[in-house]
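Colleague: To start, I am sharing the structure in question, which I have written as structure tokens.
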Amino acid sequence: MHEYQIGKAEKDAEYKLLNRAFDDLFPICRSITGLGIESSLNYFKNLMPLTIEQVKSGTTVFDWVTPASWLFKRARLWGPNGNLICDTEVNNLHVINYSEPVDREIDFADLRPHLYSIPHLPDAIPYVTSYYKRTWGFCLAHNILKSLPQGKYKVRIESSFDDEGGVPFGQCSLAGESKKEILLTSYLCHPSMANNELSGPLVLLGLYNRIKHWPKRRFTYRFVLNPETIGSLCYLYKYGDALKENLEAGLILTCLGGPKSKLRYKKSKRNDSLFDKLVSGASNEGWDFIDFTPLSGSDERQFCAPGFNLPMGQASRNSYGEYEGYHNSLDTKEYMSIDSLIRSIDEIEKLLIKAEYGAKVINLCPYGEPQLGKRGLYPTMNSYQHTQGSSDNALDSRQELNSILTILSEATGDVDMLDIAEKIGIDLVHLMPIIDKLEGHQLIQFNSSRVL
Amino acid sequence: MHEYQIGKAEKDAEYKLLNRAFDDLFPICRSITGLGIESSLNYFKNLMPLTIEQVKSGTTVFDWVTPASWLFKRARLWGPNGNLICDTEVNNLHVINYSEPVDREIDFADLRPHLYSIPHLPDAIPYVTSYYKRTWGFCLAHNILKSLPQGKYKVRIESSFDDEGGVPFGQCSLAGESKKEILLTSYLCHPSMANNELSGPLVLLGLYNRIKHWPKRRFTYRFVLNPETIGSLCYLYKYGDALKENLEAGLILTCLGGPKSKLRYKKSKRNDSLFDKLVSGASNEGWDFIDFTPLSGSDERQFCAPGFNLPMGQASRNSYGEYEGYHNSLDTKEYMSIDSLIRSIDEIEKLLIKAEYGAKVINLCPYGEPQLGKRGLYPTMNSYQHTQGSSDNALDSRQELNSILTILSEATGDVDMLDIAEKIGIDLVHLMPIIDKLEGHQLIQFNSSRVL
Amino acid sequence: MHEYQIGKAEKDAEYKLLNRAFDDLFPICRSITGLGIESSLNYFKNLMPLTIEQVKSGTTVFDWVTPASWLFKRARLWGPNGNLICDTEVNNLHVINYSEPVDREIDFADLRPHLYSIPHLPDAIPYVTSYYKRTWGFCLAHNILKSLPQGKYKVRIESSFDDEGGVPFGQCSLAGESKKEILLTSYLCHPSMANNELSGPLVLLGLYNRIKHWPKRRFTYRFVLNPETIGSLCYLYKYGDALKENLEAGLILTCLGGPKSKLRYKKSKRNDSLFDKLVSGASNEGWDFIDFTPLSGSDERQFCAPGFNLPMGQASRNSYGEYEGYHNSLDTKEYMSIDSLIRSIDEIEKLLIKAEYGAKVINLCPYGEPQLGKRGLYPTMNSYQHTQGSSDNALDSRQELNSILTILSEATGDVDMLDIAEKIGIDLVHLMPIIDKLEGHQLIQFNSSRVL
């Protein structure tokens with residue numbers, strides 16, 4: 001994997017890029033539509049060649065109808081004495097995401113059902129949304145909430161809905177030898193949260209920059225940023241058929257910036273993607289993994305729905321249930337470190353490189369054994385000395401020859417290099433130079449037809 | 001299952017019906033053809049809308065030729081002193097079933113090979129048949145047989161054969177939403193035996209009455225009565241192709257009136273029918289089950305023969321080898337109780353209801369997750385309170401939501417609700433209301449194509 | 001298996017034939033092409049009706065090009081004093097097989113790289129070849145080699161290459177009821193070695209004579225002799241497509257003359273051939289077996305390459321790594337006994353006979369149970385006595401009936417008699433008469449379509 005590694009200077013530049021992007025993106029009040037998500041996508045477009053498009057509001061997308069664009073400016077709540085209790089210019093979690101406009105006085109008793117807090121995290125502002133049923137409300141620390149007196153409050157939510165808007169998303173790709181694709185996607189719709197929002201897009205950006213500089217790419221790599229759920233549905237609405245044809249494997253990137261030491265992989269529902277096999281096989285002791293479940297998670301719930309059943313897994317570090325800042329104002333850069341993002345990029349890149357070498361492979365000289373001798377891969381003379389192994393590195397050359405013979409014997413086009421490596425008993429990483437050599441001699445080819 | 005239950009009055013009527021039918025049918029001297037089977041079928045026709053037809057004598061049915069109708073009146077055997085030893089008006093097991101006519105005097109030595117008894121059950125009259133090789137004979141208690149003196153005996157068997165007759169059978173059905181069928185069959189050919197004859201047809205009758213009153217039927221239910229072996233072959237000869245197309249699962253009903261507490265299910269040879277899975281899965285701890293065997297049993301040997309290989313299992317309580325009255329005059333109502341028949345009806349009905357909900361199911365909104373919120377199946381607001389579960393029955397509503405999400409995720413049309421229930425970890429019975437709800441919202445549909 | 005057995009006189013004749021053939025063939029200096037292999041094939045042609053053909057030198061055969069014919073006369077090496085050190089008229093292992101012609105004086109220092117010995121077997125002459133890179137050299141005992149003085153040596157290798165020659169092979173067959181074939185092959189190219197050369201062709205000859213006299217043959221048997229590797233590739237080049245269509249199972253015969261008590265079977269790569277199942281199943285406790293490996297072995301490496309993936313296994317007794325004479329002059333008749341060859345013939349013949357009865361079988365009366373009574377295979381009367389079994393051999397007749405019912409139930413055409421025998425729990429050998437009986441009644445037929 002040497003030739004894939006980047007140097008110290010590139011590492012430093014990567015850190016700076018991610019750190020700055022984080023600071024620029026964190027304050028934006030995103031939602032699944034509207035100004036926040038649009039400016040966020042444009043920010044990424046300056047860093048990677050995204051094509052941004054949208055599915056118009058009011059479009060029937062499978063079982064859903066795309067919502068109007070949320071044009072949000074500011075939300076404030078004043079108490080009976082005129083003191084400012086909530087202001088999205090202080091923290092944009094204060095407003096229920098996708099709130100309708102309001103501008104009026106209201107009794108506390110009527111206001112109360114519109115206020116949200118987390119009793120067991122009394123200092124955190126919760127993140128609350130209501131996309132498909134028009135409402136409004138404020139989120140605030142429980143300690144503040146319980147101190148609010150009776151009386152007249154003033155509510156002003158400056159927002160409007162644009163029915164001519166749409167659900168936007170962006171994508172770009174890096175071409176490889178095969179049109180078979182690896183899809184990397186993350187979501188961009190949560191305002192002002194770090195681990196459960198910006199970690200995913202930033203790791204996506206980091207991977208884009210790494211893969212762009214690889215010495216070669218067998219697969220084509222596609223990078224997608226969309227608002228969660230409705231955004232991935234819109235992406236599938238437009239590109240689902242293409243994915244069905246070309247998708248080799250993919251990853252939803254989410255919650256990748258926490259302190260846990262191991263990444264966790266959630267398998268695709270089909271449980272047979274290249275990543276599924278890689279992570280659950282002997283070759284990837286560095287990751288934890290769990291089976292697919294539709295009960296929780298991110299956009300893999302859409303990609304793996306029975307009508308698509310795409311080979312999409314999910315990668316995360318500290319996820320839902322594993323940190324108290326989930327969906328509230330405690331999810332900040334203090335919890336999510338840039339260093340952790342870079343560790344995630346490193347480990348996911350390693351997985352991708354293994355995947356490059358782990359796909360299904362076909363012997364191009366399948367009729368009997370190829371004549372290895374004429375290619376310098378086999379002794380030309382059958383003498384006792386050779387078969388006994390007299391030189392010091394004889395074991396290594398015998399291991400190489402055995403690996404070659406096993407690869408040629410197993411490479412029917414239906415078996416992947418991961419399984420062949422397991423049969424040989426040598427980790428795929430150590431077989432990479434041999435695979436390169438056999439490819440160079442045109443003795444094997446990675447399968448260009450649907451691999452899994 | 002509440003709405004499927006019948007009340008006390010119906011229960012009483014059911015008991016009376018079965019009890020009277022038993023008493024009316026027991027004395028009839030049935031065989032595989034002729035007067036006894038014909039009058040028995042007509043008796044049932046008055047209780048359920050059977051269509052009776054026959055395959056004419058002399059027809060080649062697969063590897064067999066259908067026998068002539070046996071027109072039997074009476075058989076008597078007198079001893080040397082003129083004393084009446086056997087008389088079918090006392091017990092119609094006394095004659096070898098399908099005996100040819102005889103009217104002559106005979107020495108005991110010549111008579112002896114025509115006499116059958118059971119030495120280890122010296123008071124029982126055995127049940128002996130010879131359908132495909134013409135002969136005659138008497139069956140009697142071993143205690144009587146061994147006391148018979150030498151001398152001249154008189155034999156009179158009043159019977160004849162009608163080559164213009166045929167092998168009769170009867171069937172009717174109860175239509176359901178799908179043309180996929182559940183087949184319930186029993187045999188009617190043994191004279192004057194209770195558990196191994198009348199229990200099967202009477203349970204069939206009881207099930208017909210129950211299913212007729214169900215609030216709904218997904219499957220179409222077919223009910224068949226035929227003489228054993230040749231009768232099921234004749235049925236398959238005429239309807240085997242239709243069964244191949246539409247049969248979802250079926251049961252041969254036999255020996256269902258004994259005292260054993262558990263029913264026993266014999267699997268179909270294919271071992272993948274809905275009943276096979278139901279009974280051997282976690283969901284049906286109430287039944288015993290065994291694998292298919294061609295070595296013994298009833299008409300499942302014909303239905304499961306390799307040319308048909310139909311998904312037909314067999315249900316029994318005390319069967320061959322499990323009670324000493326098998327195939328002899330000890331098999332009476334004293335052994336077989338009407339209460340036991342009703343317990344069999346109860347348990348088989350329960351199995352059928354589970355089967356109604358256990359078939360393969362397909363998600364009708366398979367492209368991503370359906371928007372459950374607009375159907376009231378999901379909270380419209382993503383707030384902390386909801387996901388934490390604050391109300392008392394939150395666990396139940398979370399279980400329901402999880403069940404819905406799992407059903408939608410798994411319902412590819414290739415997976416049945418039984419397996420989905422196992423995956424969810426909730427017994428199918430408790431999922432029934434959720435299944436009804438998802439069907440009502442047109443989110444799922446039971447698979448109308450071949451299910452298994 | 002009685003009717004397959006041969007008598008004492010035939011056994012004696014077999015011994016004499018093999019013994020004489022060994023003595024005639026041992027001294028010939030074979031190679032993969034040229035005079036030695038050609039005269040050896042002609043020798044076999046006198047004993048079995050081989051058709052001999054060749055693939056012309058210079059032909060592209062898959063990834064290979066067939067070499068020129070090696071026209072070899074004699075090779076000698078003289079020492080500085082004119083003493084004769086190596087002479088192929090003493091042992092034709094002295095020359096590197098396929099050596100180019102040389103006739104010159106040479107300093108010991110220049111000669112040394114052309115000399116081969118085995119240090120740990122100091123009295124053995126190694127067997128060394130160089131078919132695809134032109135070179136020359138001598139093989140000699142290490143004890144001789146290390147005593148050679150400096151000085152001028154004289155080398156004379158009388159050989160030439162005929163570009164108009166070819167790679168020869170021979171084949172014949174014994175027709176059976178089906179065109180499905182069993183292929184038996186061995187290789188003929190090693191000079192003057194016994195176990196690893198002549199044992200294989202001689203066992204092939206013995207099996208030809210045995211099978212020719214069998215009372216019947218379901219399969220067609222094909223017998224092939226070719227030089228190793230390039231010869232089997234040439235055979236596959238010409239007949240590989242025919243094999244793909246008709247080959248049921250096959251065996252490479254190699255190293256069958258050693259003292260080990262058990263034969264060893266190396267499975268085909270597909271691991272589902274009739275022989276694979278036979279040898280690894282309960283029914284063949286007499287053989288050892290190993291999985292396929294491409295890392296070592298004989299022509300199964302070609303037959304099982306992914307482009308062919310033929311159901312070819314390999315049979316051996318003492319093989320590579322299991323005797324010190326492997327590929328050197330210690331591999332003589334003293335190590336390999338004719339008696340051991342005959343034991344190999346006996347055991348392989350037994351396997352072949354089992355294979356004759358072990359293939360996939362189809363019930364010709366699959367619609368319900370056939371009427372066994374009319375064929376005398378079932379009691380015509382259903383009486384208590386019969387089912388209780390009153391006669392002494394009742395158990396046997398019940399076992400026979402059960403076997404018949406199980407065979408009929410299982411014989412779908414997709415299941416082989418080996419698996420059915422295992423299901424019945426009776427060794428296939430004991431079922432052979434029942435199989436013959438069911439075949440005779442036209443109730444079953446061995447599957448004429450591709451069996452495995």
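In the structure tokens, chains take the letters A, B, ... in the order shown, each chain's residues start at 1, and ligands count up from 1 in the order shown.
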May I have the residues of chain A within 7 Å of chain C, counting only C-alpha atoms, written as number ranges by chain?
Modeller: A: 365-371, 380-384, 402, 405-406, 409, 412
Colleague: Output as a PyMOL selection string all residues of segment 284-444 of chain C that backbone DSSP marks as alpha helix (DSSP H).
Modeller: chain C and resi 300-303+338-358+384-388+394-410+417-424+428-440
Colleague: Identify, on the basis of only C-alpha atoms, every residue whose closest approach to segment 241-245 of chain A does not exceed 9 Å; exclude the query and any residue fewer than 6 positions from it along the same chain; express the result as JSON, numbers by chain.
Modeller: {"A": [180, 181, 183, 308, 309, 310, 450]}
Colleague: Take the selection from the previous step and output its residues with N, CA, C and O atoms, as a PDB file, in the first residue's frame.
Modeller:
```
ATOM      1  N   LYS A 180     -17.854  -0.039 -12.999  1.00  0.00           N
ATOM      2  CA  LYS A 180     -18.407  -0.449 -11.706  1.00  0.00           C
ATOM      3  C   LYS A 180     -18.038   0.600 -10.665  1.00  0.00           C
ATOM      4  O   LYS A 180     -16.897   1.053 -10.623  1.00  0.00           O
ATOM      5  N   GLU A 181     -18.995   0.953  -9.835  1.00  0.00           N
ATOM      6  CA  GLU A 181     -18.787   2.090  -8.952  1.00  0.00           C
ATOM      7  C   GLU A 181     -18.764   1.726  -7.469  1.00  0.00           C
ATOM      8  O   GLU A 181     -19.454   0.828  -7.026  1.00  0.00           O
ATOM      9  N   LEU A 183     -19.759   3.856  -4.177  1.00  0.00           N
ATOM     10  CA  LEU A 183     -20.498   5.073  -3.844  1.00  0.00           C
ATOM     11  C   LEU A 183     -20.211   5.470  -2.401  1.00  0.00           C
ATOM     12  O   LEU A 183     -20.371   4.655  -1.487  1.00  0.00           O
ATOM     13  N   PHE A 308     -34.742  -1.407  -3.903  1.00  0.00           N
ATOM     14  CA  PHE A 308     -33.388  -1.141  -4.393  1.00  0.00           C
ATOM     15  C   PHE A 308     -32.432  -2.244  -3.957  1.00  0.00           C
ATOM     16  O   PHE A 308     -31.735  -2.805  -4.767  1.00  0.00           O
ATOM     17  N   ASN A 309     -32.423  -2.501  -2.672  1.00  0.00           N
ATOM     18  CA  ASN A 309     -31.555  -3.543  -2.107  1.00  0.00           C
ATOM     19  C   ASN A 309     -30.123  -3.388  -2.591  1.00  0.00           C
ATOM     20  O   ASN A 309     -29.498  -4.345  -3.061  1.00  0.00           O
ATOM     21  N   LEU A 310     -29.621  -2.180  -2.496  1.00  0.00           N
ATOM     22  CA  LEU A 310     -28.280  -1.891  -3.001  1.00  0.00           C
ATOM     23  C   LEU A 310     -27.220  -2.311  -1.982  1.00  0.00           C
ATOM     24  O   LEU A 310     -27.490  -2.358  -0.779  1.00  0.00           O
ATOM     25  N   ARG A 450     -21.098  -7.424 -13.223  1.00  0.00           N
ATOM     26  CA  ARG A 450     -21.600  -7.281 -11.846  1.00  0.00           C
ATOM     27  C   ARG A 450     -20.862  -8.237 -10.939  1.00  0.00           C
ATOM     28  O   ARG A 450     -20.895  -9.442 -11.103  1.00  0.00           O
TER      29      ARG A 450
END
```
Colleague: Give me, as a compact mmCIF listing (two decimals) with N, CA, C and O atoms, in the first residue's frame, the residues of segment 114-296 of chain C that a backbone DSSP run labels strand (DSSP E or B).
Modeller:
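Written output follows (result_20.txt):
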```txt
# COMPACT_ATOMS: atom_id res chain seq x y z
N LEU C 115 25.74 -30.33 -14.28
CA LEU C 115 25.67 -31.63 -13.58
C LEU C 115 24.68 -31.55 -12.41
O LEU C 115 24.68 -30.58 -11.65
N TYR C 116 23.85 -32.57 -12.29
CA TYR C 116 22.81 -32.59 -11.25
C TYR C 116 22.91 -33.85 -10.41
O TYR C 116 23.14 -34.94 -10.94
N PRO C 126 19.28 -38.33 -10.23
CA PRO C 126 18.01 -37.60 -10.29
C PRO C 126 17.44 -37.58 -11.72
O PRO C 126 18.15 -37.83 -12.70
N THR C 129 14.48 -32.49 -16.21
CA THR C 129 14.00 -32.18 -17.57
C THR C 129 14.11 -30.69 -17.82
O THR C 129 14.12 -29.89 -16.89
N PHE C 138 23.91 -33.46 -17.43
CA PHE C 138 23.97 -34.86 -16.98
C PHE C 138 23.51 -34.96 -15.53
O PHE C 138 23.71 -34.04 -14.74
N CYS C 139 22.94 -36.10 -15.21
CA CYS C 139 22.50 -36.38 -13.85
C CYS C 139 23.30 -37.57 -13.35
O CYS C 139 23.47 -38.55 -14.08
N LYS C 152 39.83 -31.52 -18.14
CA LYS C 152 39.06 -31.46 -19.38
C LYS C 152 38.13 -32.67 -19.46
O LYS C 152 38.58 -33.81 -19.31
N TYR C 153 36.87 -32.46 -19.71
CA TYR C 153 35.90 -33.54 -19.87
C TYR C 153 35.41 -33.57 -21.30
O TYR C 153 35.50 -32.58 -22.03
N LYS C 154 34.92 -34.71 -21.69
CA LYS C 154 34.36 -34.80 -23.03
C LYS C 154 32.86 -35.10 -22.90
O LYS C 154 32.44 -36.01 -22.19
N VAL C 155 32.09 -34.29 -23.60
CA VAL C 155 30.63 -34.42 -23.57
C VAL C 155 30.16 -34.83 -24.96
O VAL C 155 30.55 -34.20 -25.96
N ARG C 156 29.34 -35.87 -25.03
CA ARG C 156 28.72 -36.18 -26.31
C ARG C 156 27.25 -36.53 -26.08
O ARG C 156 26.94 -37.58 -25.49
N ILE C 157 26.37 -35.64 -26.51
CA ILE C 157 24.94 -35.92 -26.45
C ILE C 157 24.44 -36.02 -27.88
O ILE C 157 24.48 -35.03 -28.64
N GLU C 158 24.00 -37.22 -28.25
CA GLU C 158 23.54 -37.44 -29.61
C GLU C 158 22.02 -37.28 -29.63
O GLU C 158 21.29 -38.18 -29.24
N SER C 159 21.57 -36.11 -29.99
CA SER C 159 20.13 -35.85 -30.06
C SER C 159 19.89 -34.82 -31.15
O SER C 159 20.83 -34.16 -31.61
N SER C 160 18.66 -34.72 -31.58
CA SER C 160 18.27 -33.64 -32.48
C SER C 160 16.80 -33.36 -32.28
O SER C 160 16.10 -34.12 -31.59
N PHE C 161 16.31 -32.27 -32.84
CA PHE C 161 14.92 -31.87 -32.67
C PHE C 161 14.23 -31.85 -34.02
O PHE C 161 14.78 -31.32 -35.00
N ASP C 162 13.07 -32.41 -34.09
CA ASP C 162 12.33 -32.48 -35.35
C ASP C 162 11.12 -31.55 -35.26
O ASP C 162 10.14 -31.86 -34.59
N GLY C 166 5.66 -33.98 -33.24
CA GLY C 166 4.43 -33.59 -32.55
C GLY C 166 4.35 -34.24 -31.17
O GLY C 166 5.22 -35.00 -30.76
N VAL C 167 3.29 -33.88 -30.47
CA VAL C 167 3.02 -34.47 -29.15
C VAL C 167 1.98 -35.58 -29.36
O VAL C 167 0.85 -35.30 -29.75
N PRO C 168 2.36 -36.83 -29.14
CA PRO C 168 1.44 -37.94 -29.42
C PRO C 168 0.63 -38.32 -28.19
O PRO C 168 1.03 -38.06 -27.05
N PHE C 169 -0.53 -38.91 -28.41
CA PHE C 169 -1.29 -39.55 -27.32
C PHE C 169 -2.17 -40.64 -27.92
O PHE C 169 -2.38 -40.67 -29.15
N GLY C 170 -2.65 -41.52 -27.09
CA GLY C 170 -3.47 -42.63 -27.57
C GLY C 170 -4.74 -42.76 -26.74
O GLY C 170 -4.75 -42.45 -25.54
N GLN C 171 -5.82 -43.21 -27.35
CA GLN C 171 -7.05 -43.43 -26.59
C GLN C 171 -7.88 -44.54 -27.21
O GLN C 171 -7.75 -44.86 -28.39
N CYS C 172 -8.72 -45.15 -26.40
CA CYS C 172 -9.71 -46.11 -26.88
C CYS C 172 -10.88 -46.09 -25.91
O CYS C 172 -10.79 -45.47 -24.84
N SER C 173 -11.97 -46.73 -26.28
CA SER C 173 -13.10 -46.72 -25.35
C SER C 173 -13.88 -48.03 -25.41
O SER C 173 -13.74 -48.82 -26.34
N LEU C 174 -14.65 -48.27 -24.37
CA LEU C 174 -15.55 -49.43 -24.30
C LEU C 174 -16.96 -48.86 -24.13
O LEU C 174 -17.26 -48.20 -23.12
N GLU C 181 -19.64 -40.68 -20.05
CA GLU C 181 -18.36 -41.38 -20.00
C GLU C 181 -17.67 -41.31 -18.65
O GLU C 181 -17.79 -40.32 -17.93
N ILE C 182 -16.97 -42.38 -18.38
CA ILE C 182 -15.96 -42.41 -17.32
C ILE C 182 -14.61 -42.37 -18.01
O ILE C 182 -14.36 -43.18 -18.91
N LEU C 183 -13.77 -41.42 -17.63
CA LEU C 183 -12.46 -41.28 -18.27
C LEU C 183 -11.37 -41.75 -17.33
O LEU C 183 -11.29 -41.29 -16.19
N LEU C 184 -10.55 -42.67 -17.84
CA LEU C 184 -9.39 -43.13 -17.07
C LEU C 184 -8.15 -42.74 -17.86
O LEU C 184 -8.02 -43.09 -19.04
N THR C 185 -7.26 -42.00 -17.24
CA THR C 185 -6.08 -41.57 -17.98
C THR C 185 -4.82 -41.73 -17.15
O THR C 185 -4.86 -41.70 -15.91
N SER C 186 -3.71 -41.94 -17.84
CA SER C 186 -2.42 -41.91 -17.17
C SER C 186 -1.41 -41.30 -18.13
O SER C 186 -1.72 -41.05 -19.30
N TYR C 187 -0.23 -41.04 -17.61
CA TYR C 187 0.78 -40.35 -18.45
C TYR C 187 1.96 -41.28 -18.71
O TYR C 187 2.27 -42.19 -17.94
N THR C 220 -20.04 -45.39 -20.73
CA THR C 220 -18.98 -45.65 -21.68
C THR C 220 -17.66 -45.33 -20.99
O THR C 220 -17.57 -44.34 -20.25
N TYR C 221 -16.68 -46.19 -21.19
CA TYR C 221 -15.38 -46.01 -20.54
C TYR C 221 -14.34 -45.60 -21.57
O TYR C 221 -14.22 -46.24 -22.62
N ARG C 222 -13.62 -44.55 -21.28
CA ARG C 222 -12.58 -44.06 -22.19
C ARG C 222 -11.23 -44.15 -21.49
O ARG C 222 -11.13 -43.89 -20.28
N PHE C 223 -10.23 -44.58 -22.25
CA PHE C 223 -8.89 -44.82 -21.71
C PHE C 223 -7.91 -43.96 -22.51
O PHE C 223 -7.89 -44.03 -23.74
N VAL C 224 -7.14 -43.15 -21.79
CA VAL C 224 -6.22 -42.23 -22.48
C VAL C 224 -4.82 -42.35 -21.89
O VAL C 224 -4.66 -42.42 -20.67
N LEU C 225 -3.83 -42.38 -22.78
CA LEU C 225 -2.42 -42.32 -22.38
C LEU C 225 -1.77 -41.14 -23.08
O LEU C 225 -1.88 -41.02 -24.31
N ASN C 226 -1.12 -40.28 -22.31
CA ASN C 226 -0.49 -39.11 -22.93
C ASN C 226 0.74 -38.70 -22.14
O ASN C 226 0.83 -39.02 -20.95
N LEU C 247 -18.62 -36.09 -20.00
CA LEU C 247 -17.86 -36.70 -18.92
C LEU C 247 -18.65 -36.75 -17.61
O LEU C 247 -19.07 -35.72 -17.09
N GLU C 248 -18.82 -37.95 -17.12
CA GLU C 248 -19.50 -38.16 -15.85
C GLU C 248 -18.51 -38.04 -14.69
O GLU C 248 -18.79 -37.39 -13.69
N ALA C 249 -17.38 -38.68 -14.83
CA ALA C 249 -16.36 -38.65 -13.79
C ALA C 249 -15.12 -39.26 -14.38
O ALA C 249 -15.18 -39.95 -15.40
N GLY C 250 -13.99 -39.00 -13.76
CA GLY C 250 -12.76 -39.58 -14.28
C GLY C 250 -11.68 -39.65 -13.23
O GLY C 250 -11.81 -39.09 -12.14
N LEU C 251 -10.63 -40.37 -13.58
CA LEU C 251 -9.51 -40.59 -12.68
C LEU C 251 -8.21 -40.45 -13.44
O LEU C 251 -8.05 -41.05 -14.52
N ILE C 252 -7.28 -39.69 -12.88
CA ILE C 252 -5.89 -39.74 -13.31
C ILE C 252 -5.23 -40.84 -12.50
O ILE C 252 -5.32 -40.83 -11.27
N LEU C 253 -4.57 -41.78 -13.16
CA LEU C 253 -3.92 -42.89 -12.46
C LEU C 253 -2.42 -42.59 -12.35
O LEU C 253 -1.76 -42.39 -13.36
N LEU C 263 -5.32 -46.89 -0.97
CA LEU C 263 -5.27 -45.94 -2.07
C LEU C 263 -5.70 -44.57 -1.56
O LEU C 263 -6.45 -44.46 -0.59
N ARG C 264 -5.22 -43.55 -2.24
CA ARG C 264 -5.62 -42.20 -1.89
C ARG C 264 -6.29 -41.54 -3.09
O ARG C 264 -5.79 -41.62 -4.21
N TYR C 265 -7.43 -40.92 -2.84
CA TYR C 265 -8.16 -40.23 -3.89
C TYR C 265 -8.03 -38.73 -3.68
O TYR C 265 -8.26 -38.22 -2.58
N LYS C 266 -7.64 -38.05 -4.73
CA LYS C 266 -7.62 -36.58 -4.70
C LYS C 266 -8.86 -36.11 -5.46
O LYS C 266 -9.04 -36.43 -6.63
N TRP C 287 -10.69 -46.13 1.17
CA TRP C 287 -9.76 -45.19 0.55
C TRP C 287 -9.51 -44.01 1.49
O TRP C 287 -10.37 -43.62 2.26
N ASP C 288 -8.31 -43.46 1.38
CA ASP C 288 -8.10 -42.13 1.93
C ASP C 288 -8.49 -41.11 0.87
O ASP C 288 -8.58 -41.44 -0.31
N PHE C 289 -8.73 -39.90 1.30
CA PHE C 289 -8.97 -38.89 0.26
C PHE C 289 -8.51 -37.51 0.72
O PHE C 289 -8.42 -37.25 1.93
N ILE C 290 -8.18 -36.67 -0.24
CA ILE C 290 -7.78 -35.29 0.04
C ILE C 290 -8.53 -34.37 -0.92
O ILE C 290 -9.02 -34.81 -1.96
```
Colleague: Can you pull out every residue within 12 Å of Asp331 of chain C, counting only C-alpha atoms, but drop anything in the same chain fewer than 5 positions away, and send it as a ChimeraX atom specification?
Modeller: /C:26,93,124-127,190-199,255,257-258,318-320,322-326,336-337
Colleague: Please produce a file of those selected residues containing C-alpha atoms, as a JSON list (two decimals), in the first residue's frame.
Modeller:
```
[["chain", "number", "residue", "atom", "x", "y", "z"],
["C", 26, "PHE", "CA", 11.08, -49.86, -18.35],
["C", 93, "LEU", "CA", 18.25, -40.86, -16.34],
["C", 124, "ALA", "CA", 20.58, -41.89, -6.69],
["C", 125, "ILE", "CA", 20.57, -40.42, -10.17],
["C", 126, "PRO", "CA", 18.01, -37.60, -10.29],
["C", 127, "TYR", "CA", 15.43, -37.17, -13.06],
["C", 190, "HIS", "CA", 9.16, -40.53, -17.77],
["C", 191, "PRO", "CA", 12.07, -42.78, -18.70],
["C", 192, "SER", "CA", 13.05, -45.77, -16.60],
["C", 193, "MET", "CA", 11.00, -45.13, -13.51],
["C", 194, "ALA", "CA", 8.56, -47.61, -12.08],
["C", 195, "ASN", "CA", 6.07, -46.23, -9.56],
["C", 196, "ASN", "CA", 5.99, -42.71, -10.94],
["C", 197, "GLU", "CA", 5.48, -43.71, -14.52],
["C", 198, "LEU", "CA", 4.75, -47.26, -15.46],
["C", 199, "SER", "CA", 2.38, -48.04, -12.56],
["C", 255, "CYS", "CA", 2.00, -43.80, -8.54],
["C", 257, "GLY", "CA", 2.59, -49.49, -7.30],
["C", 258, "GLY", "CA", 3.99, -48.72, -3.85],
["C", 318, "ASN", "CA", 2.61, -43.93, -2.66],
["C", 319, "SER", "CA", 2.94, -40.54, -4.26],
["C", 320, "TYR", "CA", 5.22, -37.49, -4.25],
["C", 322, "GLU", "CA", 5.75, -40.54, 0.26],
["C", 323, "TYR", "CA", 8.77, -42.47, -1.07],
["C", 324, "GLU", "CA", 12.36, -41.45, -1.52],
["C", 325, "GLY", "CA", 12.58, -42.81, -5.07],
["C", 326, "TYR", "CA", 10.34, -40.05, -6.39],
["C", 336, "MET", "CA", 6.97, -51.03, -7.14],
["C", 337, "SER", "CA", 5.50, -54.53, -7.13]]
```
Colleague: Find the spatial neighbours of Glu400 of chain B, counting only C-alpha atoms, within a cut-off of 10 Å - ignore same-chain residues fewer than 6 positions away - and output them as a list in words.
Modeller: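 Using only C-alpha atoms, the neighbours found are Leu377, Ala394, Thr406, Leu431, Pro433 and Ile434 of chain B.
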